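See below for upload-v2.tsv, which holds TSV, C-alpha atoms.
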chain	number	residue	atom	x	y	z
A	1	ASP	CA	-7.28	-8.68	-20.05
A	2	GLU	CA	-8.47	-11.37	-17.67
A	3	VAL	CA	-5.16	-13.28	-17.73
A	4	VAL	CA	-3.21	-10.17	-16.72
A	5	ARG	CA	-5.74	-9.32	-14.03
A	6	LYS	CA	-5.57	-12.80	-12.50
A	7	SER	CA	-1.76	-12.77	-12.55
A	8	ILE	CA	-1.41	-9.38	-10.94
A	9	TYR	CA	-4.38	-9.00	-8.62
A	10	THR	CA	-4.18	-12.13	-6.54
A	11	THR	CA	-4.21	-11.70	-2.77
A	12	ASN	CA	-3.09	-15.17	-1.67
A	13	PRO	CA	0.67	-14.50	-1.96
A	14	ILE	CA	0.27	-11.12	-0.25
A	15	GLU	CA	-1.69	-12.65	2.60
A	16	GLY	CA	0.91	-15.40	2.88
A	17	VAL	CA	3.69	-12.84	3.33
A	18	HIS	CA	1.64	-10.97	5.93
A	19	ARG	CA	0.95	-14.22	7.79
A	20	GLN	CA	4.66	-15.09	7.89
A	21	ILE	CA	5.60	-11.60	9.11
A	22	ARG	CA	2.92	-11.68	11.82
A	23	LYS	CA	4.05	-15.15	12.86
A	24	ILE	CA	7.57	-13.85	13.56
A	25	THR	CA	6.76	-10.42	14.97
A	26	LYS	CA	3.95	-11.43	17.36
A	27	ASN	CA	6.39	-13.31	19.62
A	28	LYS	CA	8.86	-10.43	19.84
A	29	GLY	CA	6.77	-7.98	21.88
A	30	ALA	CA	7.78	-4.35	21.54
A	31	PHE	CA	10.61	-3.04	19.40
A	32	PRO	CA	12.81	-0.23	20.78
A	33	SER	CA	12.72	1.60	17.45
A	34	GLU	CA	11.68	1.16	13.85
A	35	GLN	CA	15.16	0.00	12.76
A	36	PRO	CA	15.10	-3.43	14.49
A	37	LEU	CA	11.61	-4.08	13.13
A	38	MET	CA	12.73	-3.23	9.60
A	39	LYS	CA	15.76	-5.52	9.93
A	40	LEU	CA	13.57	-8.36	11.15
A	41	MET	CA	11.09	-7.84	8.31
A	42	TYR	CA	13.97	-7.85	5.82
A	43	LEU	CA	15.22	-11.17	7.18
A	44	VAL	CA	11.72	-12.65	7.16
A	45	ILE	CA	11.21	-11.63	3.53
A	46	GLN	CA	14.62	-13.06	2.59
A	47	ASN	CA	13.63	-16.34	4.23
A	48	ILE	CA	10.22	-16.39	2.54
A	49	SER	CA	11.66	-15.64	-0.89
A	50	LYS	CA	13.79	-18.80	-0.73
A	51	LYS	CA	10.57	-20.81	-0.53
A	52	TRP	CA	8.90	-19.10	-3.51
A	53	THR	CA	9.55	-21.62	-6.22
A	54	MET	CA	6.10	-21.74	-7.77
A	55	PRO	CA	5.92	-19.80	-11.04
A	56	ILE	CA	3.05	-17.39	-11.66
A	57	HIS	CA	0.24	-19.13	-13.53
A	58	ASN	CA	0.09	-18.05	-17.22
A	59	TRP	CA	2.87	-15.48	-16.71
A	60	GLY	CA	4.12	-15.87	-20.29
A	61	ILE	CA	0.72	-14.95	-21.71
A	62	ALA	CA	0.34	-12.07	-19.27
A	63	LEU	CA	3.82	-10.75	-20.07
A	64	SER	CA	3.18	-10.85	-23.80
A	65	GLN	CA	-0.07	-8.93	-23.33
A	66	LEU	CA	1.68	-6.38	-21.14
A	67	TYR	CA	4.35	-6.02	-23.83
A	68	VAL	CA	1.70	-5.26	-26.45
A	69	LYS	CA	0.25	-2.56	-24.21
A	70	PHE	CA	3.46	-1.06	-22.76
A	71	GLY	CA	6.14	-2.08	-25.28
A	72	GLU	CA	9.45	-0.39	-24.54
A	73	ARG	CA	8.71	0.08	-20.85
A	74	ILE	CA	8.57	-3.71	-20.37
A	75	LEU	CA	11.89	-4.18	-22.17
A	76	LYS	CA	13.63	-1.50	-20.08
A	77	GLU	CA	12.47	-3.06	-16.82
A	78	LYS	CA	13.35	-6.57	-17.94
A	79	ASN	CA	16.88	-5.53	-18.93
A	80	SER	CA	17.50	-3.78	-15.62
A	81	PHE	CA	17.53	-7.07	-13.68
In structure tokens, write the structure found in this file.
Amino acid sequence: DEVVRKSIYTTNPIEGVHRQIRKITKNKGAFPSEQPLMKLMYLVIQNISKKWTMPIHNWGIALSQLYVKFGERILKEKNSF
């Protein structure tokens, strides 16, 4: 459905995360290994997630439509949080 598609397939939040990661990593130069980069990305994502307070537009409608299509799978994932 169009509501589900708009809720799931938006690129603005993804591009925002990439922009924030690039903003931090571009000033650091080279990393000695992959581990420091992964730690820095983890910290950046933790910092970004504190700022994500905006709810997904029409998420209730999208979730109900996903429940109709996937039923028990939605309930299992929701209860695992």
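The protein and nucleic acid residues lying at most 9 Å from stretch 42-50 of chain A are Val17, Gln20, Ile21, Ile24, Leu37 and Met38 of chain A, with all atoms listed in the file considered and sequence neighbours fewer than 4 positions away removed.
Between atom CA of A:Ser7 and atom CA of A:Gln65 the separation is 11.6 Å.
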Quiz prompt | Shortest interatomic distance to A:Tyr67 - which of A:Val4, A:Ala30, A:Gln35, A:Pro55, counting all atoms listed in the file | solution =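 Among the listed residues, A:Val4 lies closest to A:Tyr67.
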Counting all atoms listed in the file, which residues have an atom no more than 10 Å from (3.3, -15.4, -13.4) in the file's coordinates? Please list them as a CSV table (one decimal) with C-alpha atoms, in the frame of the given file.
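Listed below is the output, selection00.csv:
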chain,number,residue,atom,x,y,z
A,3,VAL,CA,-5.2,-13.3,-17.7
A,4,VAL,CA,-3.2,-10.2,-16.7
A,6,LYS,CA,-5.6,-12.8,-12.5
A,7,SER,CA,-1.8,-12.8,-12.6
A,8,ILE,CA,-1.4,-9.4,-10.9
A,54,MET,CA,6.1,-21.7,-7.8
A,55,PRO,CA,5.9,-19.8,-11.0
A,56,ILE,CA,3.0,-17.4,-11.7
A,57,HIS,CA,0.2,-19.1,-13.5
A,58,ASN,CA,0.1,-18.0,-17.2
A,59,TRP,CA,2.9,-15.5,-16.7
A,60,GLY,CA,4.1,-15.9,-20.3
A,61,ILE,CA,0.7,-15.0,-21.7
A,62,ALA,CA,0.3,-12.1,-19.3
A,63,LEU,CA,3.8,-10.8,-20.1
Quiz prompt | Atomic separation - atom CA of A:Pro13 relative to atom CA of A:Ile74, Å | solution =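 We find that atom CA of A:Ile74 and atom CA of A:Pro13 lie 22.8 Å from each other.
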Exercise. Calculate how many Å separate atom CA of A:Arg19 from atom CA of A:Ser33, rounding to one decimal.
Key: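 Here the two named atoms are 22.0 Å from each other.
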Place N, CA and C atoms on stretch 11-27 of chain A and deliver the coordinates as an mmCIF file, in the coordinates of the input.
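Output file selection09.cif is given in full below:
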data_model
loop_
_atom_site.group_PDB
_atom_site.id
_atom_site.type_symbol
_atom_site.label_atom_id
_atom_site.label_comp_id
_atom_site.auth_asym_id
_atom_site.auth_seq_id
_atom_site.Cartn_x
_atom_site.Cartn_y
_atom_site.Cartn_z
ATOM 1 N N THR A 11 -4.531 -12.097 -4.141
ATOM 2 C CA THR A 11 -4.210 -11.700 -2.770
ATOM 3 C C THR A 11 -3.575 -12.831 -1.972
ATOM 4 N N ASN A 12 -3.636 -14.057 -2.448
ATOM 5 C CA ASN A 12 -3.090 -15.170 -1.670
ATOM 6 C C ASN A 12 -1.606 -15.011 -1.357
ATOM 7 N N PRO A 13 -0.742 -14.684 -2.314
ATOM 8 C CA PRO A 13 0.670 -14.500 -1.960
ATOM 9 C C PRO A 13 0.891 -13.344 -0.992
ATOM 10 N N ILE A 14 0.129 -12.272 -1.146
ATOM 11 C CA ILE A 14 0.270 -11.120 -0.250
ATOM 12 C C ILE A 14 -0.135 -11.509 1.159
ATOM 13 N N GLU A 15 -1.252 -12.205 1.283
ATOM 14 C CA GLU A 15 -1.690 -12.650 2.600
ATOM 15 C C GLU A 15 -0.720 -13.651 3.215
ATOM 16 N N GLY A 16 -0.091 -14.462 2.379
ATOM 17 C CA GLY A 16 0.910 -15.400 2.880
ATOM 18 C C GLY A 16 2.117 -14.688 3.466
ATOM 19 N N VAL A 17 2.559 -13.628 2.809
ATOM 20 C CA VAL A 17 3.690 -12.840 3.330
ATOM 21 C C VAL A 17 3.286 -12.185 4.647
ATOM 22 N N HIS A 18 2.096 -11.601 4.692
ATOM 23 C CA HIS A 18 1.640 -10.970 5.930
ATOM 24 C C HIS A 18 1.559 -11.978 7.066
ATOM 25 N N ARG A 19 1.065 -13.178 6.765
ATOM 26 C CA ARG A 19 0.950 -14.220 7.790
ATOM 27 C C ARG A 19 2.325 -14.596 8.334
ATOM 28 N N GLN A 20 3.312 -14.734 7.448
ATOM 29 C CA GLN A 20 4.660 -15.090 7.890
ATOM 30 C C GLN A 20 5.282 -13.977 8.733
ATOM 31 N N ILE A 21 5.058 -12.727 8.340
ATOM 32 C CA ILE A 21 5.600 -11.600 9.110
ATOM 33 C C ILE A 21 4.942 -11.534 10.481
ATOM 34 N N ARG A 22 3.615 -11.688 10.534
ATOM 35 C CA ARG A 22 2.920 -11.680 11.820
ATOM 36 C C ARG A 22 3.380 -12.822 12.716
ATOM 37 N N LYS A 23 3.618 -13.972 12.113
ATOM 38 C CA LYS A 23 4.050 -15.150 12.860
ATOM 39 C C LYS A 23 5.365 -14.873 13.596
ATOM 40 N N ILE A 24 6.266 -14.162 12.956
ATOM 41 C CA ILE A 24 7.570 -13.850 13.560
ATOM 42 C C ILE A 24 7.469 -12.686 14.539
ATOM 43 N N THR A 25 6.756 -11.626 14.147
ATOM 44 C CA THR A 25 6.760 -10.420 14.970
ATOM 45 C C THR A 25 5.861 -10.518 16.205
ATOM 46 N N LYS A 26 4.859 -11.384 16.210
ATOM 47 C CA LYS A 26 3.950 -11.430 17.360
ATOM 48 C C LYS A 26 4.643 -11.955 18.622
ATOM 49 N N ASN A 27 5.682 -12.749 18.470
ATOM 50 C CA ASN A 27 6.390 -13.310 19.620
ATOM 51 C C ASN A 27 7.472 -12.368 20.156
#
